[in-house]
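S.K.: Input: one structure, supplied below.
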Amino acid sequence: MDIHEYQAKERFALEGIPVPPGQVATAPDQAEAIATEYGCAVMVKAQVHSGGRGKAGGVKYCNDPGEAREHASNILGMDINGLTVEKVLVTPAEDIEAEAYVGVLIDRKHQAATFMVSPDGGMDIEEVAASTPDRIRKLSVDPRYGLMPHQALWLANFLYDDPALIKQATKVVAQLYDSFVNSGASMTEINPLITTPAGEVKAIDAKMSIDENELFRRPDVAEMRDLSAEPSSETKAREAGLSYVKLDGSVGCCVNGAGLAMATMDLVKYYGGEPANFLDIGGSSNPDKVVSALEIITSDPNVKVILFNIFGGITRCDDVANGIVEATKRIDIKPPIVIRLTGTNEELGLQILEEAGFSAYTSMDDVVEKAVELAKG
Amino acid sequence: MSIFINNDTRLVVQGITGRDGSFHTRQMMEYGTQVVAGVTPGKGGQTFEGPDGTSVPIFNAMDEAVAHTGANTSVVYVPPAFAANAILEAVDSGVSLVVAITEGVPVLDMARAHAFARDNCVRILGPNCPGLLSPGQSKVGILPAQIVTEGPIGVVSRSGTLTYEAVFQLTSVGLGQTTCVGIGGDPLIGTNFIDCLEAFEADPETSAVVMIGEIGGTDEQEAAEFVKAKMSKPVVGFIAGQTAPPGRQMGHAGAIISGSAGTAEEKMKAFEDNGIAVAQRPADIVGLIQDALA
């Protein structure tokens with residue numbers, strides 16, 4: 001789960017990381033009022049779950065409240081990488097002398113939270129890693145000991161020469177680790193961590209993603225989910241216990257298992273079609289889940305055909321077939337449905353489907369080819 | 001032969017009285033797995049009724065279960081909030097393999113559990129995995145037994161149902177398996193591709209390996225280099241997620257392209273560059289294995 005910059009800054013502030021003040025506005029008037037309150041030049045920053053906000057014109061410097069109003073009015077409602085900006089953060093503009101980068105993510109190879117720091121902040125860290133890897137220092141934190149003080153110092157030493165700055169950065173590094181752990185994060189970064197002319201170190205931008213598996217024990221973090229930042233179909237899927245990602249194609253996919261769901265999407269592409277979504281209905285053959293899945297898929301106007309790909313392992317094919325028949329009785333579905341059903345109790349399942357008038361297949365390739373043909377109409 | 005589990009596997013089921021635990025315990029026993037104990041805190045002294053009048057003693061804790069039954073392997077069906085503790089307890093109990101089926105365990109909890117397992121030289125498989133099955137010998141986890149048969153192919157995969165798809169196709173043309181291993185869809189897993197490839201290479205009964213990967217991370221790329229450097233047996237690969245958009249989690253917590261890293265394209269190229277035949281579709285796996293064995 002991604003959270004917004006202003007929310008990540010709230011998480012940082014809880015651990016004592018220096019962040020500039022800031023308030024969220026959802027209307028230009030509000031942005032103007034906040035800028036007036038600060039009485040200085042401000043930044044108006046789009047709050048969307050996407051990188052490249054600056055390049056898209058979603059981050060603007062404003063000399064006075066009038067400019068804040070004008071820029072907020074342009075940014076609110078703006079589309080950034082397919083996401084609509086619903087909120088802006090208004091925050092005093094800072095004078096910047098230097099920019100550094102401090103990030104933590106889960107490193108799969110070392111199986112641990114891992115720091116990446118660089119004195120070259122303000123740019124995409126992947127670019128820094130690719131072009132000047134010697135400008136990055138990495139450290140995996142042993143989960144048994146946590147981040148040790150000398151390790152925080154070792155990271156800070158890489159960022160600055162001035163002892164006063166190193167001292168501040170050492171603290172920030174340790175606080176960022178605490179923020180990562182206490183938020184149940186899977187990734188967080190400060191980019192840039194700036195130095196002001198007065199010699200202060202501050203986090204002026206913040207990113208954080210939360211491990212979904214942590215939310216059950218962190219209600220304060222779970223509350224940060226912004227439903228306006230995701231398609232309503234994805235919210236509905238999550239509430240129904242389905243794993244769904246909306247895509248742009250016309251073949252609606254409904255599959256049991258994440259790996260098979262991805263392989264099904266790939267096969268749609270292989271046969272010249274485009275998948276409309278990723279959807280894993282899991283191991284359940286509960287008709288309610290099938291109904292939810294069908295409602296979600298058919299809410300996408302691009303969908304021209306619905307493709308079921310079910311491999312019955314522990315899940316029984318006859319249960320799934322009954323689920324599909326039951327679901328289609330409960331809701332009216334316009335696009336044609338093609339079904340592949342194989343595995344446990346396959347014959348029974350196919351019989352149930354054929355009696356209900358569905359075309360059912362046993363081979364994954366055959367059903368995908370048919371679906372693509374129907375989608376092309 | 002087989003890898004990780006065989007006729008000598010003596011299994012303890014953690015969470016044996018739960019809905020999933022009890023269902024799959026019966027399935028494993030029907031397959032012939034030696035389930036010697038169950039653990040559910042607070043239910044010690046009771047017995048679990050298995051198929052055909054068999055029964056399994058239930059203990060309150062792992063150490064008691066191991067002491068009384070000589071169990072050497074555990075399988076975890078405990079709900080996510082308690083799964084990491086169950087894994088730690090298993091690692092501390094003297095078993096040598098812990099198979100964690102549970103999906104949804106917090107990643108930072110698993111970082112600690114994996115470190116603890118390494119310190120104690122215990123293998124963790126998973127979490128968020130379907131387990132493993134050595135046809136004709138033992139099944140630990142949730143893999144459907146009816147799709148496997150004994151034979152010379154090793155199968156290792158990050159996915160569940162996609163593995164079933166591949167195994168089912170192998171079985172339908174008479175290509176049986178030594179062991180089918182689902183290593184799990186989480187970002188931090190205890191047993192990776194290389195661990196399985198190394199074991200299949202050492203297993204005299206295995207003559208070829210099917211490796212099924214997906215987007216996210218670099219485990220497949222490292223495995224590809226391992227295949228080139230260390231393996232004499234042919235390996236056929238498949239990668240799911242060619243159409244997955246970057247930055248979006250595709251069901252599995254670990255199936256996410258971060259920045260430009262972990263794409264299907266990158267992994268398929270690593271396979272090709274290191275002499276692994278790449279199946280474009282699941283249906284091509286069988287043909288490539290037949291070519292490799294010819």
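Residues are referred to by chain and number: the chain letter is A, B, ... according to the order shown in the structure tokens, the number counts from 1 in that chain, and ligands are numbered separately from 1 in the order shown.
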Do a neighbour search on B:Glu214 at 12 Å with only C-alpha atoms, toss out local chain neighbours closer than 3 positions, and write the hits as a PyMOL selection string.
M.R.: (chain A and resi 258-263+266) or (chain B and resi 156-160+162-163+183-187+193+211+217-221+237-244+249-257+262-268)
S.K.: Output the selection as an mmCIF file, in the first residue's frame - C-alpha atoms for each residue.
M.R.:
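result00.cif, written as the output of this step:
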```
data_model
loop_
_atom_site.group_PDB
_atom_site.id
_atom_site.type_symbol
_atom_site.label_atom_id
_atom_site.label_comp_id
_atom_site.auth_asym_id
_atom_site.auth_seq_id
_atom_site.Cartn_x
_atom_site.Cartn_y
_atom_site.Cartn_z
ATOM 1 C CA ALA A 258 -1.547 -15.590 -9.104
ATOM 2 C CA GLY A 259 1.037 -17.371 -11.257
ATOM 3 C CA LEU A 260 -1.588 -18.952 -13.507
ATOM 4 C CA ALA A 261 -3.383 -15.578 -13.705
ATOM 5 C CA MET A 262 -0.212 -13.906 -14.993
ATOM 6 C CA ALA A 263 0.459 -16.771 -17.403
ATOM 7 C CA ASP A 266 0.597 -13.458 -21.164
ATOM 8 C CA VAL B 156 10.580 -25.937 -8.928
ATOM 9 C CA SER B 157 8.272 -22.924 -9.023
ATOM 10 C CA ARG B 158 7.283 -19.682 -7.286
ATOM 11 C CA SER B 159 3.630 -20.299 -8.069
ATOM 12 C CA GLY B 160 0.930 -22.785 -7.037
ATOM 13 C CA LEU B 162 0.843 -22.587 -12.538
ATOM 14 C CA THR B 163 2.976 -25.419 -11.153
ATOM 15 C CA ILE B 183 9.158 -22.137 -3.189
ATOM 16 C CA GLY B 184 6.544 -19.451 -2.571
ATOM 17 C CA GLY B 185 5.394 -16.068 -3.822
ATOM 18 C CA ASP B 186 6.709 -13.848 -1.020
ATOM 19 C CA PRO B 187 9.628 -11.410 -1.282
ATOM 20 C CA PHE B 193 15.700 -21.611 -6.904
ATOM 21 C CA MET B 211 11.973 -23.994 -13.351
ATOM 22 C CA GLY B 217 13.372 -9.758 -7.679
ATOM 23 C CA THR B 218 16.430 -11.382 -9.244
ATOM 24 C CA ASP B 219 16.242 -14.954 -7.958
ATOM 25 C CA GLU B 220 15.745 -16.303 -11.508
ATOM 26 C CA GLN B 221 18.721 -14.349 -12.872
ATOM 27 C CA GLY B 237 12.355 -22.351 -17.852
ATOM 28 C CA PHE B 238 9.124 -20.390 -17.942
ATOM 29 C CA ILE B 239 8.465 -16.873 -16.620
ATOM 30 C CA ALA B 240 4.975 -15.551 -15.821
ATOM 31 C CA GLY B 241 4.141 -11.863 -15.993
ATOM 32 C CA GLN B 242 5.256 -10.621 -19.406
ATOM 33 C CA THR B 243 2.152 -8.409 -19.510
ATOM 34 C CA ALA B 244 2.388 -7.222 -15.899
ATOM 35 C CA GLN B 249 1.761 -6.226 -7.151
ATOM 36 C CA MET B 250 0.336 -9.158 -9.100
ATOM 37 C CA GLY B 251 -1.311 -11.226 -6.375
ATOM 38 C CA HIS B 252 1.858 -12.624 -4.822
ATOM 39 C CA ALA B 253 3.521 -10.140 -2.481
ATOM 40 C CA GLY B 254 6.817 -10.737 -4.263
ATOM 41 C CA ALA B 255 5.463 -10.423 -7.804
ATOM 42 C CA ILE B 256 6.175 -6.770 -8.464
ATOM 43 C CA ILE B 257 8.467 -5.037 -10.923
ATOM 44 C CA GLY B 262 12.564 -7.825 -12.127
ATOM 45 C CA THR B 263 10.791 -7.846 -15.495
ATOM 46 C CA ALA B 264 9.849 -11.059 -17.294
ATOM 47 C CA GLU B 265 11.892 -9.965 -20.298
ATOM 48 C CA GLU B 266 15.059 -9.558 -18.215
ATOM 49 C CA LYS B 267 14.566 -12.990 -16.651
ATOM 50 C CA MET B 268 13.871 -14.738 -19.952
#
```
S.K.: Using backbone DSSP assignments, extract all strand (DSSP E) residues from stretch 35-219 of chain A; output them as a PyMOL selection string.
M.R.: chain A and resi 42-46+59-62+79-80+83-84+88-92+98-107+112-118+137-140+185-195+201-203+206-210
S.K.: Counting only C-alpha atoms, a student should be able to say which residues of chain A come within 9 Å of chain B; what is the right answer, written as an NGL selection string?
M.R.: :A and (106-109 or 111-113 or 126 or 142-144 or 181 or 184-186 or 211-217 or 242-245 or 247 or 256-267 or 269-270 or 274-275 or 278-280 or 310-314 or 343-344 or 364-365)
S.K.: Pick from B:Ile16, B:Val140, B:Ala86, B:Ala229: nearest to B:Gly32, with only C-alpha atoms counted?
M.R.: B:Val140
S.K.: Enumerate as a ChimeraX atom specification all residues of stretch 108-204 of chain B assigned to helix (DSSP H, G or I) by DSSP on the backbone, naming them with the chain letters and numbers the document uses.
M.R.: /B:108-119,145-147,161-172,193-202
S.K.: Write the residues you've just listed into a file as a PDB file, in the first residue's frame, and include C-alpha atoms for each of them.
M.R.:
```
ATOM      1  CA  LEU B 108       9.923  -8.032   8.628  1.00  0.00           C
ATOM      2  CA  ASP B 109       8.795 -10.972  10.792  1.00  0.00           C
ATOM      3  CA  MET B 110      10.110 -13.293   8.095  1.00  0.00           C
ATOM      4  CA  ALA B 111      13.445 -11.439   7.937  1.00  0.00           C
ATOM      5  CA  ARG B 112      13.953 -12.357  11.591  1.00  0.00           C
ATOM      6  CA  ALA B 113      12.702 -15.935  11.135  1.00  0.00           C
ATOM      7  CA  HIS B 114      15.020 -16.554   8.172  1.00  0.00           C
ATOM      8  CA  ALA B 115      18.014 -15.234  10.138  1.00  0.00           C
ATOM      9  CA  PHE B 116      17.101 -17.520  13.053  1.00  0.00           C
ATOM     10  CA  ALA B 117      16.758 -20.498  10.702  1.00  0.00           C
ATOM     11  CA  ARG B 118      20.168 -19.816   9.159  1.00  0.00           C
ATOM     12  CA  ASP B 119      21.736 -19.676  12.634  1.00  0.00           C
ATOM     13  CA  ALA B 145      -1.693 -35.556  -5.428  1.00  0.00           C
ATOM     14  CA  GLN B 146      -3.738 -36.740  -8.421  1.00  0.00           C
ATOM     15  CA  ILE B 147      -1.695 -34.746 -10.955  1.00  0.00           C
ATOM     16  CA  THR B 161      -1.630 -23.374  -9.758  1.00  0.00           C
ATOM     17  CA  LEU B 162       0.843 -22.587 -12.538  1.00  0.00           C
ATOM     18  CA  THR B 163       2.976 -25.419 -11.153  1.00  0.00           C
ATOM     19  CA  TYR B 164      -0.060 -27.708 -11.227  1.00  0.00           C
ATOM     20  CA  GLU B 165      -0.540 -26.742 -14.868  1.00  0.00           C
ATOM     21  CA  ALA B 166       3.049 -27.691 -15.755  1.00  0.00           C
ATOM     22  CA  VAL B 167       3.077 -30.872 -13.657  1.00  0.00           C
ATOM     23  CA  PHE B 168      -0.257 -31.973 -15.078  1.00  0.00           C
ATOM     24  CA  GLN B 169       1.059 -31.564 -18.629  1.00  0.00           C
ATOM     25  CA  LEU B 170       4.219 -33.523 -17.789  1.00  0.00           C
ATOM     26  CA  THR B 171       2.185 -36.295 -16.190  1.00  0.00           C
ATOM     27  CA  SER B 172      -0.230 -36.489 -19.126  1.00  0.00           C
ATOM     28  CA  PHE B 193      15.700 -21.611  -6.904  1.00  0.00           C
ATOM     29  CA  ILE B 194      19.420 -22.222  -6.443  1.00  0.00           C
ATOM     30  CA  ASP B 195      18.853 -24.367  -3.320  1.00  0.00           C
ATOM     31  CA  CYS B 196      16.451 -26.553  -5.304  1.00  0.00           C
ATOM     32  CA  LEU B 197      18.624 -26.707  -8.438  1.00  0.00           C
ATOM     33  CA  GLU B 198      21.612 -27.736  -6.332  1.00  0.00           C
ATOM     34  CA  ALA B 199      19.557 -30.518  -4.732  1.00  0.00           C
ATOM     35  CA  PHE B 200      18.177 -31.715  -8.084  1.00  0.00           C
ATOM     36  CA  GLU B 201      21.685 -31.726  -9.561  1.00  0.00           C
ATOM     37  CA  ALA B 202      22.828 -33.939  -6.669  1.00  0.00           C
TER      38      ALA B 202
END
```
S.K.: Please provide as a list of chain:residue names all residues within 7 Å of A:Thr114, with the sequence filter that same-chain residues fewer than 4 positions apart are discarded (counting only C-alpha atoms).
M.R.: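 My list of contacting residues is A:Val104, A:Leu105, A:Ile106, A:Asp107, A:Lys138, A:Leu139, A:Ser140, A:Val141.
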S.K.: Please save C-alpha atoms of the selected residues as a PDB file, in the first residue's frame.
M.R.:
```pdb
ATOM      1  CA  VAL A 104      15.448   1.820   2.999  1.00  0.00           C
ATOM      2  CA  LEU A 105      13.936  -1.153   1.226  1.00  0.00           C
ATOM      3  CA  ILE A 106      13.587  -4.897   1.680  1.00  0.00           C
ATOM      4  CA  ASP A 107      16.508  -6.581  -0.050  1.00  0.00           C
ATOM      5  CA  LYS A 138      24.541   0.179   0.939  1.00  0.00           C
ATOM      6  CA  LEU A 139      24.012  -1.540   4.265  1.00  0.00           C
ATOM      7  CA  SER A 140      21.782  -4.489   5.146  1.00  0.00           C
ATOM      8  CA  VAL A 141      20.487  -4.320   8.703  1.00  0.00           C
TER       9      VAL A 141
END
```
S.K.: Excluding A:Lys376 and residues on its chain fewer than 2 positions from it, collect all residues at most 10 Å away from it, counting only C-alpha atoms, and give them as an mmCIF file with C-alpha atoms, in the first residue's frame.
M.R.:
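The new file result.cif reads:
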```cif
data_model
loop_
_atom_site.group_PDB
_atom_site.id
_atom_site.type_symbol
_atom_site.label_atom_id
_atom_site.label_comp_id
_atom_site.auth_asym_id
_atom_site.auth_seq_id
_atom_site.Cartn_x
_atom_site.Cartn_y
_atom_site.Cartn_z
ATOM 1 C CA SER A 250 -10.519 -6.106 -23.672
ATOM 2 C CA VAL A 251 -10.169 -9.712 -22.428
ATOM 3 C CA GLY A 272 -2.833 -11.228 -30.252
ATOM 4 C CA GLY A 273 -5.242 -9.929 -27.612
ATOM 5 C CA LYS A 304 -15.561 -7.610 -24.610
ATOM 6 C CA VAL A 305 -15.226 -11.180 -23.380
ATOM 7 C CA ALA A 371 -11.455 -15.491 -26.046
ATOM 8 C CA VAL A 372 -9.144 -13.384 -28.193
ATOM 9 C CA GLU A 373 -11.219 -14.185 -31.287
ATOM 10 C CA LEU A 374 -14.430 -13.126 -29.507
#
```
